[in-house]
Structure formats: structure tokens, C-alpha cells
Amino acid sequence: MPATIASFKIDYYQHLSPDGRLMGDDAPALATDFEELRRLYALMVKTRVFDKKAVALQRTGKLGTYASCLGHEAVHLAIGSAMREEDCFAPMYREYGAQFCRGVKMSEVLLYWGGDERGNNFSGPKHDFAWCVPIATQCLHATGAALAYKLRDEKRVAVTVVGDGGSSKGDFLEAMNAASAYKLPVVFIICNNQWAISVPRSKQNSAKTLAQKGVAAGLPSIQVDGNDIIAARWAMDEAIAQARDGGGATVIEMITYRLSDHTTADDATRYRASEEVDEAWKREPLVRLKAYLTDQGEWDDAREQALQDEAAAAVDEAVEEYLAAGKPPLESMFDYMYAELPHDLAAQREKALEELS
């Protein structure tokens with residue numbers, strides 16, 4: 001008879017139902033912190049208004065390919081609002097809500113997707129990493145930063161996000177393994193939006209959860225309703241506190257849904273049933289939180305209209321700033337990769353400037 005030497009379970013957390021009702025009697029303090037919930041709701045709305053405008057700009061030729069964050073707002077705001085400025089964020093390429101929380105300007109996101117690398121020189125914490133389009137490499141960046149914090153004995157935490165598809169990459173698994181072996185202050189978020197471009201979750205991995213990949217690395221791992229800002233923020237608070245106090249890394253799988261195309265170069269109607277998308281809209285995060293606040297007497301139509309007007313004005317201002325930025329100097333394409341430019345690139349730089357003059 002074999003002996004059991006290891007077993008595991010994955011806990012799932014949800015406090016706010018899809019129709020905005022508080023579930024159970026063990027909700028965290030955030031559930032009654034209405035000032036903070038209104039702040040988070042306002043940031044979620046502004047992120048969505050921004051996202052819609054960015055897609056419209058791409059469709060009219062004023063922006064390059066753009067990765068929409070439609071439906072991910074609660075995940076992003078939970079991350080951004082839980083972090084301190086001195087912490088380090090290693091995003092992938094659509095965590096705008098988290099970055100807005102950290103001071104990145106909307107116009108900078110537009111610059112980046114407009115093909116201008118000045119957008120990566122954003123106003124948020126300069127120690128945060130730039131957008132990372134290669135899949136899952138940002139997880140290694142976060143683990144590396146966390147190792148530095150531990151070696152320097154700094155009370156700082158690195159946070160990174162990977163998609164459900166990206167969680168199959170070796171970079172993610174290697175980053176978790178190192179974080180576990182060295183007990184590093186890092187939080188890994190798996191933003192499970194059910195689709196890795198055109199590949200559904202059901203064909204990516206046969207495991208019951210993606211969080212259990214963290215168990216294999218020896219890390220505490222949980223699953224959270226990523227459309228429930230109360231549960232998602234609670235999970236982030238707990239994981240960051242543990243990391244800051246020397247307790248090591250955590251893996252959080254946040255369950256959400258990509259309501260948009262993968263990017264503006266994609267057409268999800270070619271591979272995804274409309275019925276599935278319609279069902280996902282019934283669970284989306286903004287309607288859920290708005291319903292809860294309204295039911296608690298903390299929101300009304302007048303506040304909603306004022307917020308929508310404020311968000312539209314902020315986005316319009318960001319668009320004007322982006323369009324007025326002009327082209328970057330030609331030499332900028334050479335100047336920021338190397339401390340000392342290799343001779344062949346130096347020659348190309350010189351020739352390019354000669355032809356321009």
C-alpha cells in the first residue's frame with residue numbers, strides 16, 4: 001500500500017455575486033469601505049472609457065495595433081491599488097488599469113501603441129518594468145527584482161502578471177521555481193481570461209486549475225473570481241503582506257474573461273461563439289460593483305453621469321496630448337539599447353542622420 005507523501009487543494013474566493021450581492025458573512029473590510037470602493041469603481045470606469053477610445057483610434061488609423069483590456073478592469077485595479085509606490089510591477093501588455101493606479105498617464109499608453117517608445121518612459125515609478133510583449137519573460141524580471149530586494153534587505157515586493165496561455169511557458173515555471181527556492185518577495189498573477197489568442201482554456205491544459213502549477217513549485221496558490229474587485233483586492237493584500245514580511249511568494253489565479261478581441265489585429269468572432277461572450281457580459285466587473293454600490297445607497301444615476309463625463313474629458317485630454325507629441329527624434333531608435341553603441345550601429349546612426357539633414 002503506497003503512502004501519501006503530498007496532497008493539495010486549491011481554495012476559491014468570491015465575495016460579490018455576478019448580480020452584485022454580497023455572498024456569505026466573511027467578506028473582508030473592503031466590502032464596507034465605500035469610499036475606497038467608489039474610488040476603485042471610478043478608476044475602472046476611466047480604464048474602460050480609455051480602452052474604448054484607444055480601439056476607436058486604431059480603427060481610424062491614429063494608433064498601431066492595440067491590446068484591449070475590456071473585462072480585465074477588476075484584476076488590474078486590484079493589483080495596482082494594493083501595491084506601494086516602492087514595489088515593482090512587471091506587466092505584460094494590457095494591464096493599463098494597474099498602471100494608471102501607479103501614475104502612468106493615458107497619453108503614454110497611447111504613445112507606446114502608436115509606435116513611439118517614449119511611451120515606455122512613463123510617469124509611473126521609474127523602477128517598474130516596461131510593457132513586455134514576449135510571453136512570460138516578465139515573470140523572470142519580477143523574480144530577479146525580488147532577489148535584489150532580498151539581497152538588499154529592502155521591504156519591497158515585485159508583482160507580475162501572466163496570461164493563461166503564458167502560464168505554460170518555461171519562463172513562468174522557472175520564475176516560480178526560483179522564487180520558491182530562494183523564498184523571494186514576489187506575487188505571480190495568472191490572469192485567466194479563458195483565451196490564449198484563439199486557443200481556449202480547455203485546449204491549453206487539462207489541469208483543473210492553473211493555480212496548481214504554483215503548488216508544483218512549492219508556493220501557496222489560490223484561485224479568485226477576477227471579476228469581483230473585493231475578492232481580488234483581498235487576495236492581493238494578503239499575498240503582498242506575506243511577501244513583504246518575508247513569507248515568500250504566492251500564486252493567484254484570477255478568473256476573468258476577455259470580452260474583446262485579443263488585439264485589434266485579431267477577430268474573435270472567427271473562433272468564439274457569441275453565446276459564450278453574451279454569458280460573460282453577465283459576469284463583468286463594472287456592472288457587478290455598480291449594482292453593489294447602488295444597492296448600498298452609495299451610488300446613483302447623477303454620480304454615474306458625472307463620472308462618465310469626467311472620464312470622457314480625461315480621455316479626450318490624453319488623446320490631444322498624444323496627437324500633439326509629434327514624431328520622436330530619428331536618433332532615438334539607436335540611443336537607448338546600449339550604454340555604449342556598437343560600431344556597426346554607430347555607423348548606421350551617423351548615416352541615418354546624414355540622410356535626414
# chains A, B, ... in the order shown; residues from 1 in each chain; ligands from 1
>>> select_by_dssp(residues="region 190-219 of chain A", states="alpha helix (DSSP H)", output="list of chain:residue names")
A:Gln212, A:Lys213, A:Gly214, A:Val215, A:Ala216
>>> write_last_selection(atoms="C-alpha atoms", output="tab-separated table (two decimals), in the first residue's frame")
chain	number	residue	atom	x	y	z
A	212	GLN	CA	-1.95	24.38	-9.03
A	213	LYS	CA	1.10	25.00	-11.19
A	214	GLY	CA	2.30	27.05	-8.24
A	215	VAL	CA	1.83	24.07	-5.93
A	216	ALA	CA	4.39	22.16	-8.01
>>> select_by_dssp(residues="region 234-309 of chain A", states="strand (DSSP E)", output="PyMOL selection string")
chain A and resi 250-255
>>> residues_around(residues="Asn120 (chain A)", least_positions_apart="5", cutoff="10 Å", atoms="only C-alpha atoms", output="list in words")
Val104, Glu108, Val109, Leu111, Tyr112, Trp113, Lys126, Phe129, Ala130 and Trp131 of chain A
>>> closest_residue(among="A:Tyr149, A:Ala312, A:Cys132, A:Met83", to="Thr47 (chain A)", atoms="only C-alpha atoms")
A:Ala312
>>> closest_residue(among="A:Ala302, A:Leu341, A:Ala6, A:Thr65", to="Gly218 (chain A)", atoms="only C-alpha atoms")
A:Ala6
>>> closest_atom_pairs(of="region 70-116 of chain A", to="region 166-186 of chain A", cutoff="10 Å", atoms="only C-alpha atoms", output="JSON lines")
{"residue": "A:Asp87", "atom": "CA", "partner": "A:Val186", "partner_atom": "CA", "distance": 9.7}
{"residue": "A:Cys88", "atom": "CA", "partner": "A:Val186", "partner_atom": "CA", "distance": 9.2}
{"residue": "A:Phe89", "atom": "CA", "partner": "A:Val186", "partner_atom": "CA", "distance": 9.8}
{"residue": "A:Met92", "atom": "CA", "partner": "A:Gly166", "partner_atom": "CA", "distance": 9.9}
>>> closest_atom_pairs(of="region 150-248 of chain A", to="region 67-74 of chain A", cutoff="7 Å", atoms="only C-alpha atoms", output="tab-separated table")
residue	atom	partner	partner_atom	distance
A:Gly226	CA	A:Ala74	CA	6.3
A:Asn227	CA	A:Ala74	CA	5.5
A:Asp228	CA	A:Ala74	CA	6.5
A:Ile229	CA	A:Ala74	CA	5.0
>>> write_last_selection(atoms="N, CA, C and O atoms", output="compact mmCIF listing (two decimals), in the first residue's frame")
# COMPACT_ATOMS: atom_id res chain seq x y z
N GLY A 226 -11.85 36.90 -10.59
CA GLY A 226 -11.18 38.13 -11.00
C GLY A 226 -12.13 39.22 -11.48
O GLY A 226 -11.69 40.32 -11.80
N ASN A 227 -13.42 38.94 -11.52
CA ASN A 227 -14.40 39.99 -11.83
C ASN A 227 -15.00 40.57 -10.55
O ASN A 227 -15.87 41.44 -10.61
N ASP A 228 -14.55 40.08 -9.42
CA ASP A 228 -15.02 40.53 -8.11
C ASP A 228 -13.88 41.34 -7.48
O ASP A 228 -12.92 40.78 -6.96
N ILE A 229 -14.00 42.65 -7.51
CA ILE A 229 -12.91 43.51 -7.04
C ILE A 229 -12.66 43.30 -5.54
O ILE A 229 -11.51 43.42 -5.08
>>> residues_around(residues="Thr264 (chain A)", least_positions_apart="6", cutoff="12 Å", atoms="only C-alpha atoms", output="PyMOL selection string")
chain A and resi 51-52+54-61+63-69+113+197
>>> closest_residue(among="A:Arg233, A:Arg244, A:Lys290, A:His76", to="Thr256 (chain A)", atoms="only C-alpha atoms")
A:His76
>>> atom_distance(atom1="CA of Leu210 (chain A)", atom2="CA of Lys282 (chain A)")
23.3 Å
>>> atom_distance(atom1="CA of Pro200 (chain A)", atom2="CA of Gly165 (chain A)")
9.0 Å
>>> closest_residue(among="A:Asp128, A:Glu350, A:Glu331, A:Asp309", to="Val49 (chain A)", atoms="only C-alpha atoms")
A:Asp309
>>> decode(residues="region 304-315 of chain A", atoms="all heavy atoms", output="tab-separated table (two decimals), in the first residue's frame")
chain	number	residue	atom	x	y	z
A	304	GLU	N	-23.16	58.61	-11.53
A	304	GLU	CA	-22.69	57.86	-12.69
A	304	GLU	C	-22.48	58.80	-13.89
A	304	GLU	O	-21.46	58.71	-14.59
A	304	GLU	CB	-23.71	56.78	-13.06
A	304	GLU	CG	-23.35	55.95	-14.27
A	304	GLU	CD	-22.15	55.04	-14.04
A	304	GLU	OE1	-21.84	54.72	-12.88
A	304	GLU	OE2	-21.51	54.66	-15.05
A	305	GLN	N	-23.43	59.70	-14.10
A	305	GLN	CA	-23.29	60.62	-15.23
A	305	GLN	C	-22.09	61.54	-15.05
A	305	GLN	O	-21.33	61.79	-16.01
A	305	GLN	CB	-24.57	61.46	-15.38
A	305	GLN	CG	-24.59	62.32	-16.64
A	305	GLN	CD	-24.45	61.49	-17.90
A	305	GLN	OE1	-25.23	60.56	-18.14
A	305	GLN	NE2	-23.44	61.78	-18.72
A	306	ALA	N	-21.91	62.03	-13.82
A	306	ALA	CA	-20.76	62.90	-13.55
A	306	ALA	C	-19.45	62.16	-13.79
A	306	ALA	O	-18.50	62.72	-14.35
A	306	ALA	CB	-20.82	63.42	-12.11
A	307	LEU	N	-19.41	60.90	-13.38
A	307	LEU	CA	-18.19	60.10	-13.58
A	307	LEU	C	-17.93	59.87	-15.06
A	307	LEU	O	-16.79	59.98	-15.53
A	307	LEU	CB	-18.32	58.76	-12.84
A	307	LEU	CG	-17.19	57.75	-13.09
A	307	LEU	CD1	-15.84	58.31	-12.68
A	307	LEU	CD2	-17.48	56.45	-12.34
A	308	GLN	N	-18.98	59.52	-15.80
A	308	GLN	CA	-18.80	59.27	-17.23
A	308	GLN	C	-18.29	60.54	-17.93
A	308	GLN	O	-17.42	60.47	-18.81
A	308	GLN	CB	-20.14	58.82	-17.85
A	308	GLN	CG	-20.61	57.44	-17.39
A	308	GLN	CD	-19.78	56.30	-17.96
A	308	GLN	OE1	-19.04	56.47	-18.93
A	308	GLN	NE2	-19.89	55.13	-17.35
A	309	ASP	N	-18.84	61.69	-17.56
A	309	ASP	CA	-18.39	62.97	-18.15
A	309	ASP	C	-16.93	63.24	-17.81
A	309	ASP	O	-16.14	63.67	-18.67
A	309	ASP	CB	-19.26	64.13	-17.66
A	309	ASP	CG	-20.70	64.03	-18.17
A	309	ASP	OD1	-20.94	63.25	-19.13
A	309	ASP	OD2	-21.57	64.71	-17.60
A	310	GLU	N	-16.58	63.01	-16.55
A	310	GLU	CA	-15.20	63.23	-16.10
A	310	GLU	C	-14.24	62.30	-16.84
A	310	GLU	O	-13.15	62.73	-17.28
A	310	GLU	CB	-15.10	62.98	-14.59
A	310	GLU	CG	-13.72	63.18	-14.01
A	310	GLU	CD	-13.66	62.80	-12.54
A	310	GLU	OE1	-14.71	62.80	-11.87
A	310	GLU	OE2	-12.56	62.46	-12.06
A	311	ALA	N	-14.64	61.05	-16.99
A	311	ALA	CA	-13.78	60.07	-17.68
A	311	ALA	C	-13.59	60.45	-19.14
A	311	ALA	O	-12.47	60.40	-19.68
A	311	ALA	CB	-14.37	58.67	-17.56
A	312	ALA	N	-14.68	60.85	-19.79
A	312	ALA	CA	-14.59	61.23	-21.20
A	312	ALA	C	-13.68	62.43	-21.39
A	312	ALA	O	-12.86	62.47	-22.32
A	312	ALA	CB	-15.99	61.53	-21.74
A	313	ALA	N	-13.76	63.39	-20.48
A	313	ALA	CA	-12.91	64.59	-20.58
A	313	ALA	C	-11.44	64.23	-20.37
A	313	ALA	O	-10.56	64.73	-21.08
A	313	ALA	CB	-13.36	65.63	-19.55
A	314	ALA	N	-11.17	63.35	-19.41
A	314	ALA	CA	-9.79	62.94	-19.14
A	314	ALA	C	-9.20	62.20	-20.34
A	314	ALA	O	-8.03	62.41	-20.71
A	314	ALA	CB	-9.74	62.05	-17.89
A	315	VAL	N	-10.00	61.35	-20.97
A	315	VAL	CA	-9.51	60.60	-22.13
A	315	VAL	C	-9.30	61.53	-23.31
A	315	VAL	O	-8.29	61.43	-24.02
A	315	VAL	CB	-10.50	59.46	-22.47
A	315	VAL	CG1	-10.12	58.82	-23.80
A	315	VAL	CG2	-10.52	58.42	-21.37
